[in-house]
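The file upload-v4.cif comes next; it holds mmCIF, C-alpha atoms.
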```cif
data_work
loop_
_atom_site.group_PDB
_atom_site.id
_atom_site.type_symbol
_atom_site.label_atom_id
_atom_site.label_comp_id
_atom_site.auth_asym_id
_atom_site.auth_seq_id
_atom_site.Cartn_x
_atom_site.Cartn_y
_atom_site.Cartn_z
ATOM 1 C CA MET L 1 63.379 -36.614 -71.063
ATOM 2 C CA THR L 2 61.014 -33.863 -71.442
ATOM 3 C CA ILE L 3 58.846 -35.369 -68.824
ATOM 4 C CA GLN L 4 61.607 -35.349 -66.266
ATOM 5 C CA SER L 5 62.697 -31.839 -67.078
ATOM 6 C CA GLU L 6 59.147 -30.490 -66.611
ATOM 7 C CA THR L 7 58.765 -31.945 -63.175
ATOM 8 C CA PRO L 8 61.729 -30.112 -61.680
ATOM 9 C CA LYS L 9 60.495 -26.866 -63.260
ATOM 10 C CA ARG L 10 57.149 -27.289 -61.587
ATOM 11 C CA SER L 11 58.654 -27.859 -58.247
ATOM 12 C CA VAL L 12 60.780 -24.750 -58.604
ATOM 13 C CA TYR L 13 57.734 -22.737 -59.550
ATOM 14 C CA GLU L 14 55.766 -24.227 -56.684
ATOM 15 C CA THR L 15 58.576 -23.490 -54.303
ATOM 16 C CA LEU L 16 58.849 -19.947 -55.588
ATOM 17 C CA GLY L 17 55.057 -19.513 -55.216
ATOM 18 C CA ARG L 18 55.125 -20.811 -51.709
ATOM 19 C CA PHE L 19 58.056 -18.569 -50.886
ATOM 20 C CA ALA L 20 56.214 -15.560 -52.321
ATOM 21 C CA ALA L 21 53.106 -16.386 -50.233
ATOM 22 C CA VAL L 22 55.148 -16.690 -47.058
ATOM 23 C CA ALA L 23 56.940 -13.420 -47.829
ATOM 24 C CA ALA L 24 53.619 -11.683 -48.375
ATOM 25 C CA LEU L 25 52.333 -12.969 -45.037
ATOM 26 C CA VAL L 26 55.469 -11.825 -43.271
ATOM 27 C CA LEU L 27 55.066 -8.388 -44.799
ATOM 28 C CA LEU L 28 51.336 -8.229 -43.826
ATOM 29 C CA VAL L 29 51.846 -9.130 -40.167
ATOM 30 C CA PRO L 30 53.304 -5.734 -39.219
ATOM 31 C CA ALA L 31 50.480 -4.028 -41.107
ATOM 32 C CA VAL L 32 47.880 -6.037 -39.167
ATOM 33 C CA ASN L 33 49.688 -5.264 -35.924
ATOM 34 C CA ALA L 34 49.724 -1.582 -36.824
ATOM 35 C CA GLU L 35 45.970 -1.632 -37.522
ATOM 36 C CA SER L 36 45.210 -3.425 -34.230
ATOM 37 C CA GLN L 37 47.458 -0.976 -32.386
ATOM 38 C CA GLN L 38 45.633 1.906 -34.072
ATOM 39 C CA ALA L 39 42.282 0.363 -33.044
ATOM 40 C CA ILE L 40 43.492 -0.009 -29.458
ATOM 41 C CA LEU L 41 44.691 3.604 -29.410
ATOM 42 C CA THR L 42 41.379 4.776 -30.872
ATOM 43 C CA GLU L 43 39.449 2.721 -28.338
ATOM 44 C CA MET L 44 41.537 4.101 -25.464
ATOM 45 C CA SER L 45 41.106 7.672 -26.644
ATOM 46 C CA THR L 46 37.363 7.045 -27.043
ATOM 47 C CA GLN L 47 37.146 5.704 -23.492
ATOM 48 C CA GLU L 48 39.101 8.697 -22.211
ATOM 49 C CA GLU L 49 36.720 10.999 -24.045
ATOM 50 C CA ILE L 50 33.741 9.123 -22.599
ATOM 51 C CA GLN L 51 35.229 9.366 -19.106
ATOM 52 C CA LYS L 52 35.808 13.120 -19.530
ATOM 53 C CA PHE L 53 32.287 13.598 -20.876
ATOM 54 C CA CYS L 54 30.734 11.645 -18.011
ATOM 55 C CA THR L 55 32.803 13.569 -15.482
ATOM 56 C CA ASN L 56 31.758 16.881 -17.038
ATOM 57 C CA ILE L 57 28.020 16.103 -16.965
ATOM 58 C CA ALA L 58 27.927 14.222 -13.643
ATOM 59 C CA ASP L 59 26.893 17.289 -11.613
ATOM 60 C CA ALA L 60 24.226 18.308 -14.115
ATOM 61 C CA ALA L 61 22.860 14.756 -14.253
ATOM 62 C CA ARG L 62 22.795 14.525 -10.446
ATOM 63 C CA ASP L 63 21.011 17.888 -10.229
ATOM 64 C CA GLN L 64 18.472 16.758 -12.810
ATOM 65 C CA ARG L 65 17.909 13.485 -10.931
ATOM 66 C CA TYR L 66 17.393 15.402 -7.664
ATOM 67 C CA LEU L 67 14.984 17.761 -9.395
ATOM 68 C CA LEU L 68 12.945 14.833 -10.740
ATOM 69 C CA GLN L 69 12.907 13.195 -7.301
ATOM 70 C CA LYS L 70 11.840 16.474 -5.706
ATOM 71 C CA GLN L 71 9.004 16.872 -8.208
ATOM 72 C CA GLU L 72 7.860 13.292 -7.550
ATOM 73 C CA LEU L 73 7.947 13.887 -3.782
ATOM 74 C CA GLU L 74 5.966 17.114 -4.155
ATOM 75 C CA LYS L 75 3.383 15.265 -6.263
ATOM 76 C CA LEU L 76 3.113 12.503 -3.646
ATOM 77 C CA GLN L 77 2.844 15.090 -0.843
ATOM 78 C CA ALA L 78 -0.002 16.816 -2.700
ATOM 79 C CA GLU L 79 -1.813 13.463 -3.048
ATOM 80 C CA VAL L 80 -1.320 12.726 0.665
ATOM 81 C CA ASN L 81 -2.603 16.190 1.609
ATOM 82 C CA GLU L 82 -5.642 15.670 -0.605
ATOM 83 C CA ARG L 83 -6.372 12.316 1.041
ATOM 84 C CA ILE L 84 -5.936 13.832 4.503
ATOM 85 C CA THR L 85 -8.410 16.586 3.611
ATOM 86 C CA THR L 86 -10.893 14.000 2.333
ATOM 87 C CA LEU L 87 -10.502 11.933 5.512
ATOM 88 C CA GLU L 88 -10.930 15.008 7.729
ATOM 89 C CA ASN L 89 -14.123 15.912 5.858
ATOM 90 C CA ARG L 90 -15.448 12.372 6.253
ATOM 91 C CA LYS L 91 -14.492 12.404 9.931
ATOM 92 C CA ALA L 92 -16.417 15.664 10.439
ATOM 93 C CA GLU L 93 -19.443 14.192 8.632
ATOM 94 C CA TYR L 94 -19.257 11.038 10.760
ATOM 95 C CA GLU L 95 -18.942 13.009 14.008
ATOM 96 C CA ASP L 96 -21.942 15.136 13.009
ATOM 97 C CA TRP L 97 -23.949 12.023 12.157
ATOM 98 C CA LEU L 98 -22.922 10.355 15.422
ATOM 99 C CA ALA L 99 -23.906 13.418 17.464
ATOM 100 C CA ARG L 100 -27.326 13.521 15.762
ATOM 101 C CA ARG L 101 -27.762 9.764 16.316
ATOM 102 C CA ASN L 102 -26.842 9.994 19.995
ATOM 103 C CA HIS L 103 -29.216 12.949 20.436
ATOM 104 C CA PHE L 104 -32.004 10.972 18.749
ATOM 105 C CA LEU L 105 -31.313 7.898 20.903
ATOM 106 C CA ALA L 106 -31.341 9.986 24.064
ATOM 107 C CA GLN L 107 -34.694 11.484 23.074
ATOM 108 C CA ALA L 108 -36.093 8.107 22.070
ATOM 109 C CA LYS L 109 -34.892 6.560 25.294
ATOM 110 C CA ALA L 110 -36.443 9.324 27.366
ATOM 111 C CA ASN L 111 -39.688 9.077 25.417
ATOM 112 C CA LEU L 112 -39.721 5.292 25.687
ATOM 113 C CA VAL L 113 -39.203 5.459 29.432
ATOM 114 C CA ASP L 114 -41.974 8.071 29.653
ATOM 115 C CA ILE L 115 -44.287 5.749 27.685
ATOM 116 C CA TYR L 116 -43.648 2.850 30.053
ATOM 117 C CA LYS L 117 -44.058 5.164 33.062
ATOM 118 C CA THR L 118 -47.628 5.862 32.011
ATOM 119 C CA MET L 119 -48.470 2.216 31.266
ATOM 120 C CA LYS L 120 -49.941 -0.183 33.760
ATOM 121 C CA ALA L 121 -47.640 -2.989 34.887
ATOM 122 C CA ASP L 122 -49.837 -5.767 33.472
ATOM 123 C CA ALA L 123 -49.761 -4.111 30.004
ATOM 124 C CA ALA L 124 -46.020 -3.228 30.053
ATOM 125 C CA ALA L 125 -44.774 -6.635 31.270
ATOM 126 C CA PRO L 126 -45.671 -8.685 28.137
ATOM 127 C CA GLN L 127 -44.150 -6.063 25.858
ATOM 128 C CA LEU L 128 -40.921 -5.910 27.853
ATOM 129 C CA GLU L 129 -40.744 -9.732 27.861
ATOM 130 C CA GLU L 130 -40.643 -9.695 24.044
ATOM 131 C CA MET L 131 -37.860 -7.095 23.880
ATOM 132 C CA HIS L 132 -34.170 -7.802 24.005
ATOM 133 C CA VAL L 133 -33.424 -8.387 27.686
ATOM 134 C CA GLU L 134 -30.761 -5.663 27.908
ATOM 135 C CA ILE L 135 -33.122 -3.043 26.487
ATOM 136 C CA ALA L 136 -35.895 -4.197 28.791
ATOM 137 C CA ALA L 137 -33.503 -3.998 31.758
ATOM 138 C CA ALA L 138 -32.415 -0.466 30.764
ATOM 139 C CA ILE L 139 -36.025 0.710 30.552
ATOM 140 C CA ILE L 140 -37.060 -0.924 33.838
ATOM 141 C CA MET L 141 -34.006 0.583 35.595
ATOM 142 C CA GLN L 142 -35.156 4.096 34.665
ATOM 143 C CA LEU L 143 -38.708 3.607 35.911
ATOM 144 C CA PRO L 144 -39.643 4.390 39.486
ATOM 145 C CA ALA L 145 -38.820 1.521 41.839
ATOM 146 C CA ARG L 146 -42.455 0.769 42.674
ATOM 147 C CA GLN L 147 -43.459 0.539 39.007
ATOM 148 C CA SER L 148 -40.340 -1.558 38.175
ATOM 149 C CA GLY L 149 -41.287 -4.040 40.889
ATOM 150 C CA LEU L 150 -44.880 -4.307 39.618
ATOM 151 C CA ILE L 151 -43.683 -4.915 36.024
ATOM 152 C CA LEU L 152 -41.157 -7.559 37.122
ATOM 153 C CA SER L 153 -43.876 -9.323 39.137
ATOM 154 C CA GLU L 154 -46.107 -9.439 36.046
ATOM 155 C CA MET L 155 -43.300 -10.837 33.812
ATOM 156 C CA ASP L 156 -42.446 -14.515 33.293
ATOM 157 C CA ALA L 157 -40.287 -15.582 36.254
ATOM 158 C CA GLN L 158 -37.312 -16.661 34.107
ATOM 159 C CA LYS L 159 -37.322 -13.449 32.052
ATOM 160 C CA ALA L 160 -37.721 -11.367 35.193
ATOM 161 C CA ALA L 161 -34.738 -13.153 36.768
ATOM 162 C CA ILE L 162 -32.576 -12.444 33.696
ATOM 163 C CA VAL L 163 -33.621 -8.768 33.648
ATOM 164 C CA ALA L 164 -32.968 -8.444 37.380
ATOM 165 C CA GLY L 165 -29.529 -10.057 36.931
ATOM 166 C CA ILE L 166 -28.632 -7.550 34.214
ATOM 167 C CA MET L 167 -29.876 -4.679 36.370
ATOM 168 C CA SER L 168 -27.804 -5.831 39.335
ATOM 169 C CA SER L 169 -24.706 -6.247 37.133
ATOM 170 C CA ALA L 170 -25.139 -2.732 35.800
ATOM 171 C CA THR L 171 -25.131 -1.241 39.287
ATOM 172 C CA ASP L 172 -22.179 -3.342 40.518
ATOM 173 C CA PRO L 173 -19.026 -1.131 40.526
ATOM 174 C CA ASN L 174 -16.795 -4.220 40.170
ATOM 175 C CA THR L 175 -18.427 -5.239 36.892
ATOM 176 C CA SER L 176 -16.462 -4.438 33.767
ATOM 177 C CA LYS L 177 -18.080 -2.001 31.372
ATOM 178 C CA ASP L 178 -16.794 -4.087 28.478
ATOM 179 C CA PRO L 179 -19.567 -6.594 27.651
ATOM 180 C CA SER L 180 -17.112 -9.072 26.125
#
```
How does the structure come out when it is put into structure tokens?
Amino acid sequence: MTIQSETPKRSVYETLGRFAAVAALVLLVPAVNAESQQAILTEMSTQEEIQKFCTNIADAARDQRYLLQKQELEKLQAEVNERITTLENRKAEYEDWLARRNHFLAQAKANLVDIYKTMKADAAAPQLEEMHVEIAAAIIMQLPARQSGLILSEMDAQKAAIVAGIMSSATDPNTSKDPS
């Protein structure tokens, strides 16, 4: 009988233990709810504080951002101005070089024409045949008509025809100045 009497005691103790565990859980639930409610309240107050802080510094932050943008724009403007100055200096150098080149070419052209003016037609013709036809045509056009005719008569017939064609195109007012 002892065996039977122990079994009911165990079940009573087990039941009491289970009851105590359930009671403890029931008592803890409001405490957990209170902690979660406290966390929610703390989180809400923190977000309100963050919102107030952000609102308070928004103007200062915007002003700082504008100041940084202004400084960046001023830096970029200074770089652009420096590049413009460099380009203007290079342009002036190029224009000076071009003016000197054109002056030299004009002198060389005048001197070259003067050289061919003093040459005999039979000596000038072979040299002009070997030149680029447009240069030869330009030189022959600036010589006196009589000398130009003598030089063309001394040149190879095909070369003379090409030079004469270029010379006639150059004097034609309907011909485009663009060689392309």
> Hey, what comes out of the PyMOL selection byres ((chain L and resi 152-154) around 12) on this file? Could you write it as a VMD selection string?
Replying inline: chain L and resid 120 to 129 136 to 137 139 to 141 143 145 to 151 155 to 165 167
> At what distance in Å, to one decimal, does CA of Glu130 in chain L lie from CA of Asn102 in chain L?
Replying inline: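 CA of Asn102 in chain L sits 24.4 Å away from CA of Glu130 in chain L.
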> What does the distance between CA of Lys70 in chain L and CA of Arg83 in chain L come to in Å, to one decimal place?
Replying inline: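 One can read the CA of Lys70 in chain L to CA of Arg83 in chain L distance as 19.9 Å.
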>> Please report the interatomic distance between CA of Pro144 in chain L and CA of Asn111 in chain L in Å with one decimal.
In response: 14.8 Å
> Can you tell me, as a list in words, what residues are no more than 12 Å from range 103-110 of chain L when counting only C-alpha atoms, ignoring any on the same chain fewer than 2 positions away?
Replying inline: Asp96, Trp97, Leu98, Ala99, Arg100, Arg101, Leu112, Val113, Asp114, Ile115, Tyr116, Lys117, Ile135, Ala136, Ala138, Ile139, Ile140, Met141, Gln142 and Leu143 of chain L
